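Asker: Below is the structure I would like to discuss, written out as structure tokens.
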Amino acid sequence: MAPQLSWVNVEAVASPPGPADSDLPLASTDPVLALADVADQLQWVADALIPAAPELDMPSAVEAGVIDRLLPRALQARPDLAGPLVAALADLPVLVPEDPLGAVRALEGAQFELVSHVIAGAYFLDDEINRRLKYPGQESLGYDPDFEEIEEVINRVIARGPVFIDV
Amino acid sequence: MNLLDPKIDTADVVIIGAGPSGAVAAQSFAEAGFSVVCLEQGEYPDYTLVRSTEPEFELTKDQHYGWYPNRRNAPSDYPINDTESDVAPLMWNGVGGSSVIYAAAWHRLKPSDFRVHTVDGVAADWPLTYADLEPYYQRVEEQFSVSGAPGDPAYPDGNEPPLPPFPLGAMERKFAAAHDRLGWHWWPGVNSIATVRHGNLTPCVRRGSCLWGCFDGAKASVDRTHWPRNIQLGVKLVQRARVTRIETGSDGLATGVSYIDRATGSERFQPARTVIVAANGVGTPRLLLNSASATHPQGLANSSGLVGKNLMMHPYSTVVGLFDDFFEGWQGPYGQRAYSLEFAETRPEHDFVRGAKWQLMGTGGPLNTTGSFPWGGSGAWGPDFHREVKRRFGHSAYWAIIAEDLPSEENAVTLDSSLTDADGMPAPKLNYRASENTNRLMEFNYTKAIESMKEAGAYDTIIAPIVRETGWHLLGTARMGKDPASSVVDGFGRTHDVANLFVMDGSVMPTSGAVNPTGTVAALALRNAEHAIASARSQRLSNASA
Ligand SMILES: Cc1cc2nc3c(=O)[nH]c(=O)nc-3n(C[C@H](O)[C@H](O)[C@H](O)COP(=O)(O)OP(=O)(O)OC[C@H]3O[C@@H](n4cnc5c(N)ncnc54)[C@H](O)[C@@H]3O)c2cc1C
Ligand code: SF4
């Protein structure tokens, strides 16, 4: 079943604010193409980039919920990337190719960077994935320096003498 | 264009650019009672766009606060033709300038950096010494809430950051011990980040978004440290004002500046008795060159032909170490956790002159393990994805190697013949190539940085040779000197050609040193502004400015 992603309408969200006459191809050239239209590509591309690794206890992108849960959240955070993502996926075959990773890698350099960045960005939004990697997020930490330790460490460097040319 | 709108007062001083150099200069002039107008092409940063408390942080961090203006493409940015440059220029255009996104690694230059010609027989000496700048370093370190440990032996006595240092983490301890064994210099990070409440800044909570805007208000960007006070002092800060030309009168002196009000698209003129350019090493030569007229067809203040020449950008490489240990390498300061100046001076046994600074950093969160920075190439995908993420995430640290690049007239900012910004002002074009000296210097430092990594316990290392999008330091393009034939400004930032026109940003640096430049840029701006104030009585003014 095609995932429910059609809320991402390229025409509505792809163009970041900028000069109206900008000729940069930021959006898909097809104004009605939406993420739902490339749902088949998304399914195989996501797992080609991030397959499961049971030996490391890590799920694949699809198993982690990239398609139905995490990618919509990622694109809500980065609506400017939706259009270029759709455009890049539309360049790929609908049916799973023989060498899926090779097919994604064959995308033009910037397109590959974008597709892989967005899929991985969505994957790492998942709490459970981050827990398994021991990533608590960007934490707020208190200020508790051990001044004695710092002094000991720098005194050893100072004892080695000056390291500049005095002119 | 209405050049003489009676409703617009002639300012004592007009400053172009509201970054660190413009902010420091504005404060000095305003404190001394001068009327100051600052024209800034961008706006105040919107820190609510920084999502450092949310899981979305890594995915969103470079959307609004990306470093590369050609990609960010914000309305305040101007395009830069860098196709002929090894290094892409980075900056943030708005109130605060690039201090909004700088890493806040804070340094002074060393005494020899002011004497490169005397010491090494290459490049140029500065018309001032370390001792001349030392008192101004001290004062701007207070203004920028600099924190760190006192007594670094890489500097003469008296280098004492006013705020206490960050705590040492597991990563810093590893390298401290390694450099003890190697007998090499190492020092805990000195940063313009408040570790304790100071001025307008709150204590750093170490969320690590320093390079993408500090939501928490601890990093010394001048929109926070300087502009609130500047405005209290009566400085008029005009946002969305893109200065297109510095105008001159028949006597050759500056009369004020023409600018586009980006909000309305209308062209305006701000008359002024003194004009100060603080638009950085790319924006400043661009403006001076675009101010050409029949009397100075090569650009303003350019009788030497050196405006735009000698661009220095500190070529930058990384050496990453992979460890069994787990470091919290995503936390701030991000930043420098520590640095080494062991190889920053010329040594007789080397096949190159000058040196490099090494800056120790963590490698960020999980998403950062898949990008190209600091790894020098995209991460692994497909069957190797998880193995590589686990190998890198939390298990890595890197030495950023910042090379002193020597000035060369071939490395230059010129005006592009066809590319313009949204307001029709010609865009700058960069020609920049890393020199043979830089390449040798880098090769040597890779070898030594690998040695450091191995000694600290790394089981593997990755080198990213000169990384393209690292032109964060833009220097040298309106160099200072005593001789008008070989320099653009004198030792106090005054242009040799136009007595009431000053340059007060990093463009004036004749050589680059190997360290992050904002401490020096700010100290120079303070010294130059105070000298201009002291000599204001003898300042020649244009007959055209009232
Ligand atoms: C990503 C990044 C990281 C960095 N990290 C460090 C670091 O860790 N340590 C360090 O010391 N330095 C660092 N730097 C460099 C540091 O930010 C600069 O040295 C510093 O900002 C220079 O100050 P400035 O005021 O001279 O120029 P800028 O900060 O560039 O400010 C110039 C201002 O002028 C404005 N302007 C330009 N042209 C015009 C015009 N025609 N009309 C109107 N306004 C104009 C611009 O919009 C801008 O706001 C970093 C820079 C970047 C980009
Ligand atoms: S680590 Fe400190 S300075 Fe950096 S963004 Fe966080 S609070 Fe600001």
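By convention here, the chains of the structure tokens are called A, B, ... in the order presented, each chain's residues are numbered starting at 1, and ligands are numbered starting at 1 in the order presented.
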Give me, as a list of chain:residue names, the set of residues whose atoms come within 7 Å of any atom of ligand 2, counting only C-alpha atoms and all ligand atoms.

Answerer: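 For ligand 2, the residues inside 7 Å are B:Ile193, B:Cys204, B:Val205, B:Arg206, B:Arg207, B:Gly208, B:Ser209, B:Cys210, B:Gly213, B:Cys214, B:Phe215, B:Asp216, B:Gly217, B:Ala218, B:Lys219, B:Gln331, B:Gly332, B:Pro333, B:Tyr334.
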
Asker: Show me which residues sit within 6 Å of ligand 1 when counting only C-alpha atoms and all ligand atoms, and put them as a VMD selection string.

Answerer: chain B and resid 16 to 22 39 to 42 67 90 to 91 93 to 99 101 to 106 211 241 to 244 278 to 280 283 287 472 to 473 505 to 506 516 to 519

Asker: Would you mind exporting the chosen residues as a CSV table (one decimal), in the first residue's frame, restricted to N, CA and C atoms?

Answerer:
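Final output, saved to result14.csv:
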```csv
chain,number,residue,atom,x,y,z
B,16,ILE,N,30.2,50.4,7.5
B,16,ILE,CA,29.5,49.4,6.6
B,16,ILE,C,29.8,48.0,7.2
B,17,GLY,N,28.8,47.3,7.7
B,17,GLY,CA,28.9,46.0,8.3
B,17,GLY,C,28.7,46.0,9.8
B,18,ALA,N,27.9,45.1,10.3
B,18,ALA,CA,27.6,45.0,11.7
B,18,ALA,C,28.1,43.7,12.3
B,19,GLY,N,29.2,43.2,11.8
B,19,GLY,CA,29.9,42.0,12.4
B,19,GLY,C,30.8,42.5,13.5
B,20,PRO,N,31.7,41.6,13.9
B,20,PRO,CA,32.6,42.0,15.0
B,20,PRO,C,33.4,43.3,14.8
B,21,SER,N,34.0,43.5,13.7
B,21,SER,CA,34.8,44.7,13.5
B,21,SER,C,33.9,45.9,13.5
B,22,GLY,N,32.8,45.9,12.8
B,22,GLY,CA,31.9,47.0,12.8
B,22,GLY,C,31.3,47.3,14.1
B,39,LEU,N,25.4,50.6,8.6
B,39,LEU,CA,24.6,50.1,7.5
B,39,LEU,C,24.9,48.6,7.3
B,40,GLU,N,23.9,47.7,7.5
B,40,GLU,CA,24.1,46.3,7.4
B,40,GLU,C,23.1,45.7,6.4
B,41,GLN,N,23.7,44.9,5.5
B,41,GLN,CA,22.8,44.4,4.4
B,41,GLN,C,21.8,43.3,4.9
B,42,GLY,N,22.1,42.7,6.1
B,42,GLY,CA,21.2,41.7,6.6
B,42,GLY,C,20.4,42.1,7.8
B,67,TRP,N,26.8,27.6,6.4
B,67,TRP,CA,28.0,28.5,6.4
B,67,TRP,C,28.3,29.1,5.0
B,90,LEU,N,33.1,31.3,3.3
B,90,LEU,CA,32.0,31.1,4.2
B,90,LEU,C,31.7,32.4,5.0
B,91,MET,N,30.5,32.7,5.3
B,91,MET,CA,30.2,33.9,6.1
B,91,MET,C,28.7,33.9,6.4
B,93,ASN,N,25.7,36.9,6.7
B,93,ASN,CA,25.4,38.3,6.4
B,93,ASN,C,24.2,38.8,7.2
B,94,GLY,N,24.5,39.5,8.3
B,94,GLY,CA,23.4,40.0,9.1
B,94,GLY,C,24.0,40.7,10.3
B,95,VAL,N,23.1,41.1,11.2
B,95,VAL,CA,23.6,41.8,12.4
B,95,VAL,C,24.4,40.7,13.3
B,96,GLY,N,25.6,41.0,13.5
B,96,GLY,CA,26.5,40.0,14.2
B,96,GLY,C,27.5,39.4,13.2
B,97,GLY,N,27.2,39.6,11.9
B,97,GLY,CA,28.1,39.0,10.9
B,97,GLY,C,28.4,37.6,11.2
B,98,SER,N,29.6,37.1,10.8
B,98,SER,CA,29.9,35.7,10.9
B,98,SER,C,30.0,35.2,12.4
B,99,SER,N,30.1,36.2,13.3
B,99,SER,CA,30.1,35.7,14.7
B,99,SER,C,28.9,35.0,15.1
B,101,ILE,N,27.7,32.6,13.5
B,101,ILE,CA,27.9,31.1,13.2
B,101,ILE,C,29.4,30.7,13.5
B,102,TYR,N,30.2,31.6,14.0
B,102,TYR,CA,31.6,31.2,14.2
B,102,TYR,C,31.7,30.2,15.4
B,103,ALA,N,32.8,29.4,15.3
B,103,ALA,CA,32.9,28.4,16.4
B,103,ALA,C,33.4,29.0,17.7
B,104,ALA,N,33.8,30.3,17.6
B,104,ALA,CA,34.2,31.0,18.8
B,104,ALA,C,35.5,30.5,19.4
B,105,ALA,N,36.3,29.8,18.6
B,105,ALA,CA,37.7,29.5,19.0
B,105,ALA,C,38.5,30.8,19.0
B,106,TRP,N,39.0,31.1,20.2
B,106,TRP,CA,39.6,32.5,20.3
B,106,TRP,C,41.1,32.5,20.4
B,211,LEU,N,28.3,26.4,16.0
B,211,LEU,CA,28.5,26.7,14.6
B,211,LEU,C,27.3,26.9,13.8
B,241,ALA,N,20.4,47.3,4.5
B,241,ALA,CA,20.9,48.4,3.8
B,241,ALA,C,22.2,47.9,3.1
B,242,ARG,N,22.1,47.6,1.8
B,242,ARG,CA,23.2,47.1,1.1
B,242,ARG,C,24.0,48.3,0.4
B,243,VAL,N,25.2,48.5,0.9
B,243,VAL,CA,26.0,49.6,0.4
B,243,VAL,C,26.6,49.2,-0.9
B,244,THR,N,26.4,50.1,-1.9
B,244,THR,CA,26.9,49.8,-3.3
B,244,THR,C,28.1,50.6,-3.6
B,278,ALA,N,33.8,47.7,7.1
B,278,ALA,CA,34.0,46.5,8.0
B,278,ALA,C,33.2,45.4,7.5
B,279,ALA,N,33.4,45.1,6.2
B,279,ALA,CA,32.6,44.1,5.4
B,279,ALA,C,33.2,42.8,5.1
B,280,ASN,N,34.4,42.5,5.7
B,280,ASN,CA,35.2,41.3,5.6
B,280,ASN,C,36.1,41.2,4.4
B,283,GLY,N,33.8,41.2,1.2
B,283,GLY,CA,32.9,42.3,1.0
B,283,GLY,C,33.6,43.6,0.9
B,287,LEU,N,33.4,46.2,-2.3
B,287,LEU,CA,32.8,47.6,-2.2
B,287,LEU,C,33.8,48.6,-2.7
B,472,TRP,N,36.5,30.1,6.2
B,472,TRP,CA,35.9,30.9,7.2
B,472,TRP,C,36.7,32.1,7.6
B,473,HIS,N,37.9,32.2,7.2
B,473,HIS,CA,38.8,33.3,7.6
B,473,HIS,C,39.1,34.0,6.3
B,505,ASP,N,38.5,45.7,9.1
B,505,ASP,CA,38.3,44.3,9.3
B,505,ASP,C,39.5,43.5,8.9
B,506,GLY,N,39.4,42.2,8.8
B,506,GLY,CA,40.6,41.3,8.6
B,506,GLY,C,41.2,41.5,7.2
B,516,ASN,N,42.7,31.2,14.4
B,516,ASN,CA,41.4,31.8,14.1
B,516,ASN,C,41.6,33.3,14.3
B,517,PRO,N,41.0,34.2,13.4
B,517,PRO,CA,41.5,35.6,13.4
B,517,PRO,C,40.6,36.5,14.2
B,518,THR,N,39.4,36.2,14.8
B,518,THR,CA,38.5,37.2,15.2
B,518,THR,C,39.1,38.0,16.4
B,519,GLY,N,39.9,37.4,17.3
B,519,GLY,CA,40.5,38.1,18.4
B,519,GLY,C,41.4,39.2,17.8
```

Asker: Please list as a list in words every residue within 7 Å of Val307 in chain B, counting only C-alpha atoms and excluding residues in the same chain fewer than 4 positions away.

Answerer: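 So the residues in contact are Pro285, Asn302, Thr477, Ala478 and Val488 of chain B.
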
Asker: Would you give me, as a Markdown table, each residue of chain A having an atom within 6 Å of an atom of chain B, along with its shortest atom pair and that distance in Å to one decimal, using only C-alpha atoms and sorting by chain and residue number?

Answerer:
```
| residue | atom | partner | partner_atom | distance |
| --- | --- | --- | --- | --- |
| A:Ala48 | CA | B:Gly382 | CA | 5.5 |
| A:Leu49 | CA | B:Gly382 | CA | 4.6 |
| A:Ile50 | CA | B:Gly382 | CA | 5.4 |
| A:Pro51 | CA | B:Gly382 | CA | 6.0 |
| A:Gly121 | CA | B:Leu59 | CA | 5.6 |
| A:Leu125 | CA | B:Pro55 | CA | 5.7 |
| A:Gln138 | CA | B:Arg207 | CA | 4.9 |
| A:Glu139 | CA | B:Arg207 | CA | 5.5 |
| A:Ser140 | CA | B:Val205 | CA | 4.9 |
| A:Leu141 | CA | B:Val205 | CA | 5.2 |
| A:Pro145 | CA | B:Pro167 | CA | 4.1 |
| A:Ile158 | CA | B:Pro153 | CA | 5.7 |
| A:Pro162 | CA | B:Pro153 | CA | 4.6 |
| A:Val163 | CA | B:Ala154 | CA | 4.8 |
| A:Phe164 | CA | B:Ala154 | CA | 5.2 |
| A:Val167 | CA | B:Ser112 | CA | 5.9 |
```

Asker: Per DSSP on the backbone, filter range 423-515 of chain B down to the residues in strand (DSSP E) and report them as a PDB file with N, CA, C and O atoms, in the first residue's frame.

Answerer:
```pdb
ATOM      1  N   PRO B 426      27.654  44.285  -8.734  1.00  0.00           N
ATOM      2  CA  PRO B 426      28.521  43.200  -9.208  1.00  0.00           C
ATOM      3  C   PRO B 426      28.967  42.273  -8.069  1.00  0.00           C
ATOM      4  O   PRO B 426      29.282  42.740  -6.970  1.00  0.00           O
ATOM      5  N   ALA B 427      28.982  40.982  -8.360  1.00  0.00           N
ATOM      6  CA  ALA B 427      29.402  39.987  -7.363  1.00  0.00           C
ATOM      7  C   ALA B 427      30.918  39.881  -7.359  1.00  0.00           C
ATOM      8  O   ALA B 427      31.563  40.159  -8.369  1.00  0.00           O
ATOM      9  N   PRO B 428      31.498  39.479  -6.226  1.00  0.00           N
ATOM     10  CA  PRO B 428      32.940  39.240  -6.218  1.00  0.00           C
ATOM     11  C   PRO B 428      33.297  37.911  -6.886  1.00  0.00           C
ATOM     12  O   PRO B 428      32.488  36.980  -6.881  1.00  0.00           O
ATOM     13  N   LYS B 429      34.499  37.895  -7.443  1.00  0.00           N
ATOM     14  CA  LYS B 429      35.026  36.647  -8.025  1.00  0.00           C
ATOM     15  C   LYS B 429      36.329  36.332  -7.300  1.00  0.00           C
ATOM     16  O   LYS B 429      37.143  37.235  -7.086  1.00  0.00           O
ATOM     17  N   LEU B 430      36.508  35.073  -6.925  1.00  0.00           N
ATOM     18  CA  LEU B 430      37.709  34.689  -6.182  1.00  0.00           C
ATOM     19  C   LEU B 430      38.634  33.849  -7.053  1.00  0.00           C
ATOM     20  O   LEU B 430      38.167  32.917  -7.720  1.00  0.00           O
ATOM     21  N   ASN B 431      39.905  34.188  -7.034  1.00  0.00           N
ATOM     22  CA  ASN B 431      40.928  33.306  -7.582  1.00  0.00           C
ATOM     23  C   ASN B 431      41.818  32.929  -6.415  1.00  0.00           C
ATOM     24  O   ASN B 431      42.415  33.818  -5.787  1.00  0.00           O
ATOM     25  N   TYR B 432      41.870  31.657  -6.101  1.00  0.00           N
ATOM     26  CA  TYR B 432      42.663  31.264  -4.933  1.00  0.00           C
ATOM     27  C   TYR B 432      43.204  29.848  -5.120  1.00  0.00           C
ATOM     28  O   TYR B 432      42.429  28.910  -5.351  1.00  0.00           O
ATOM     29  N   ASP B 460      42.929   3.779  14.208  1.00  0.00           N
ATOM     30  CA  ASP B 460      42.923   4.077  12.774  1.00  0.00           C
ATOM     31  C   ASP B 460      42.774   5.595  12.600  1.00  0.00           C
ATOM     32  O   ASP B 460      42.269   6.273  13.499  1.00  0.00           O
ATOM     33  N   THR B 461      43.218   6.111  11.450  1.00  0.00           N
ATOM     34  CA  THR B 461      43.075   7.549  11.192  1.00  0.00           C
ATOM     35  C   THR B 461      42.583   7.775   9.766  1.00  0.00           C
ATOM     36  O   THR B 461      42.784   6.924   8.889  1.00  0.00           O
ATOM     37  N   ILE B 462      41.920   8.900   9.582  1.00  0.00           N
ATOM     38  CA  ILE B 462      41.430   9.275   8.247  1.00  0.00           C
ATOM     39  C   ILE B 462      41.903  10.703   7.998  1.00  0.00           C
ATOM     40  O   ILE B 462      41.724  11.568   8.856  1.00  0.00           O
ATOM     41  N   ILE B 463      42.480  10.954   6.821  1.00  0.00           N
ATOM     42  CA  ILE B 463      42.893  12.327   6.480  1.00  0.00           C
ATOM     43  C   ILE B 463      41.920  12.889   5.460  1.00  0.00           C
ATOM     44  O   ILE B 463      41.623  12.248   4.454  1.00  0.00           O
ATOM     45  N   ALA B 464      41.420  14.096   5.715  1.00  0.00           N
ATOM     46  CA  ALA B 464      40.663  14.818   4.681  1.00  0.00           C
ATOM     47  C   ALA B 464      41.551  15.947   4.192  1.00  0.00           C
ATOM     48  O   ALA B 464      41.709  16.949   4.882  1.00  0.00           O
ATOM     49  N   LEU B 501      38.712  57.770   4.996  1.00  0.00           N
ATOM     50  CA  LEU B 501      38.194  56.422   4.713  1.00  0.00           C
ATOM     51  C   LEU B 501      39.083  55.387   5.403  1.00  0.00           C
ATOM     52  O   LEU B 501      40.310  55.397   5.223  1.00  0.00           O
ATOM     53  N   PHE B 502      38.454  54.507   6.184  1.00  0.00           N
ATOM     54  CA  PHE B 502      39.192  53.499   6.954  1.00  0.00           C
ATOM     55  C   PHE B 502      38.690  52.097   6.604  1.00  0.00           C
ATOM     56  O   PHE B 502      37.512  51.926   6.283  1.00  0.00           O
ATOM     57  N   VAL B 503      39.578  51.121   6.732  1.00  0.00           N
ATOM     58  CA  VAL B 503      39.165  49.713   6.671  1.00  0.00           C
ATOM     59  C   VAL B 503      39.466  49.118   8.038  1.00  0.00           C
ATOM     60  O   VAL B 503      40.572  49.287   8.566  1.00  0.00           O
TER      61      VAL B 503
END
```

Asker: Out of chain A, which residues get helix (DSSP H, G or I) from DSSP, as a ChimeraX atom specification?

Answerer: /A:10-13,35-49,54-56,61-64,66-77,79-90,100-105,109-123,127-133,147-159

Asker: Residues within 12 Å of Glu108 in chain A, please, as a ChimeraX atom specification. Count only C-alpha atoms; anything in the same chain fewer than 3 positions from it doesn't count.

Answerer: /A:87-89,91-92,103-105,111-115

Asker: Using N, CA and C atoms, can you write the selected residues to a file as a PDB file, in the first residue's frame?

Answerer:
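Final file, result.pdb:
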```pdb
ATOM      1  N   ALA A  87      12.096  15.043  -6.679  1.00  0.00           N
ATOM      2  CA  ALA A  87      12.678  15.123  -8.027  1.00  0.00           C
ATOM      3  C   ALA A  87      13.749  14.050  -8.215  1.00  0.00           C
ATOM      4  N   ALA A  88      14.578  13.847  -7.187  1.00  0.00           N
ATOM      5  CA  ALA A  88      15.662  12.857  -7.297  1.00  0.00           C
ATOM      6  C   ALA A  88      15.079  11.445  -7.367  1.00  0.00           C
ATOM      7  N   LEU A  89      14.092  11.154  -6.520  1.00  0.00           N
ATOM      8  CA  LEU A  89      13.510   9.813  -6.510  1.00  0.00           C
ATOM      9  C   LEU A  89      12.791   9.512  -7.825  1.00  0.00           C
ATOM     10  N   ASP A  91      13.690  10.208 -10.640  1.00  0.00           N
ATOM     11  CA  ASP A  91      14.665   9.797 -11.661  1.00  0.00           C
ATOM     12  C   ASP A  91      15.035   8.313 -11.553  1.00  0.00           C
ATOM     13  N   LEU A  92      14.546   7.646 -10.508  1.00  0.00           N
ATOM     14  CA  LEU A  92      14.913   6.244 -10.289  1.00  0.00           C
ATOM     15  C   LEU A  92      13.777   5.319 -10.745  1.00  0.00           C
ATOM     16  N   ALA A 103      22.113   1.598  -8.129  1.00  0.00           N
ATOM     17  CA  ALA A 103      21.198   2.503  -8.839  1.00  0.00           C
ATOM     18  C   ALA A 103      21.096   3.842  -8.105  1.00  0.00           C
ATOM     19  N   VAL A 104      21.036   3.811  -6.774  1.00  0.00           N
ATOM     20  CA  VAL A 104      20.948   5.091  -6.032  1.00  0.00           C
ATOM     21  C   VAL A 104      22.267   5.849  -6.186  1.00  0.00           C
ATOM     22  N   ARG A 105      23.348   5.114  -6.104  1.00  0.00           N
ATOM     23  CA  ARG A 105      24.666   5.761  -6.226  1.00  0.00           C
ATOM     24  C   ARG A 105      24.862   6.384  -7.606  1.00  0.00           C
ATOM     25  N   GLN A 111      22.410  14.991  -5.926  1.00  0.00           N
ATOM     26  CA  GLN A 111      21.134  14.298  -5.676  1.00  0.00           C
ATOM     27  C   GLN A 111      21.352  13.125  -4.718  1.00  0.00           C
ATOM     28  N   PHE A 112      22.452  12.399  -4.930  1.00  0.00           N
ATOM     29  CA  PHE A 112      22.737  11.284  -4.017  1.00  0.00           C
ATOM     30  C   PHE A 112      22.951  11.798  -2.595  1.00  0.00           C
ATOM     31  N   GLU A 113      23.712  12.876  -2.469  1.00  0.00           N
ATOM     32  CA  GLU A 113      23.951  13.472  -1.143  1.00  0.00           C
ATOM     33  C   GLU A 113      22.624  13.802  -0.475  1.00  0.00           C
ATOM     34  N   LEU A 114      21.744  14.408  -1.244  1.00  0.00           N
ATOM     35  CA  LEU A 114      20.465  14.862  -0.694  1.00  0.00           C
ATOM     36  C   LEU A 114      19.607  13.677  -0.257  1.00  0.00           C
ATOM     37  N   VAL A 115      19.448  12.681  -1.140  1.00  0.00           N
ATOM     38  CA  VAL A 115      18.584  11.545  -0.826  1.00  0.00           C
ATOM     39  C   VAL A 115      19.129  10.812   0.396  1.00  0.00           C
TER      40      VAL A 115
END
```

Asker: Within 12 Å of range 67-72 of chain A, counting only C-alpha atoms, which residues qualify if same-chain residues fewer than 4 places away don't, as a ChimeraX atom specification?

Answerer: /A:1-9,35-36,38-47,60-63,76-79,81-82,85,115,117-127,129 /B:55-56,59

Asker: I'd like the interatomic distance between CA of Phe492 in chain B and CA of Gly355 in chain B, to a tenth of an Å.

Answerer: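 CA of Gly355 in chain B lies at a distance of 26.9 Å from CA of Phe492 in chain B.
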
Asker: Write out as a PDB file with all heavy atoms, in the first residue's frame the residues lying within 7 Å of Ala458 in chain B, counting only C-alpha atoms and excluding same-chain residues fewer than 6 positions away.

Answerer:
```
ATOM      1  N   GLY B 321      40.755  10.593  14.176  1.00  0.00           N
ATOM      2  CA  GLY B 321      41.202   9.359  14.817  1.00  0.00           C
ATOM      3  C   GLY B 321      39.994   8.537  15.242  1.00  0.00           C
ATOM      4  O   GLY B 321      38.986   9.086  15.695  1.00  0.00           O
ATOM      5  N   LEU B 322      40.106   7.221  15.079  1.00  0.00           N
ATOM      6  CA  LEU B 322      39.035   6.312  15.518  1.00  0.00           C
ATOM      7  C   LEU B 322      39.515   5.552  16.737  1.00  0.00           C
ATOM      8  O   LEU B 322      40.632   5.025  16.753  1.00  0.00           O
ATOM      9  CB  LEU B 322      38.681   5.354  14.380  1.00  0.00           C
ATOM     10  CG  LEU B 322      38.024   6.083  13.190  1.00  0.00           C
ATOM     11  CD1 LEU B 322      38.218   5.320  11.904  1.00  0.00           C
ATOM     12  CD2 LEU B 322      36.553   6.349  13.454  1.00  0.00           C
ATOM     13  N   PHE B 323      38.678   5.518  17.750  1.00  0.00           N
ATOM     14  CA  PHE B 323      39.067   5.009  19.066  1.00  0.00           C
ATOM     15  C   PHE B 323      38.105   3.914  19.545  1.00  0.00           C
ATOM     16  O   PHE B 323      36.939   3.898  19.158  1.00  0.00           O
ATOM     17  CB  PHE B 323      39.005   6.147  20.103  1.00  0.00           C
ATOM     18  CG  PHE B 323      40.009   7.240  19.881  1.00  0.00           C
ATOM     19  CD1 PHE B 323      39.756   8.244  18.947  1.00  0.00           C
ATOM     20  CD2 PHE B 323      41.196   7.282  20.586  1.00  0.00           C
ATOM     21  CE1 PHE B 323      40.674   9.269  18.740  1.00  0.00           C
ATOM     22  CE2 PHE B 323      42.123   8.292  20.384  1.00  0.00           C
ATOM     23  CZ  PHE B 323      41.859   9.295  19.464  1.00  0.00           C
TER      24      PHE B 323
END
```

Asker: How many Å lie between CA of His107 in chain B and CA of Tyr136 in chain B, rounded to one decimal?

Answerer: 12.8 Å

Asker: Would you compute the distance between CA of Ala338 in chain B and CA of Ala123 in chain B? Give it in Å to one decimal.

Answerer: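 These two atoms are separated by 29.3 Å.
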
Asker: Applying 8 Å and only C-alpha atoms, which residues near Ala88 in chain B remain after dropping the ones on its own chain fewer than 5 positions away? List them as a list in words.

Answerer: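 These residues fall inside the cut-off: Tyr68, Asp82, Arg468, Glu469, Thr470 and Gly471 of chain B.
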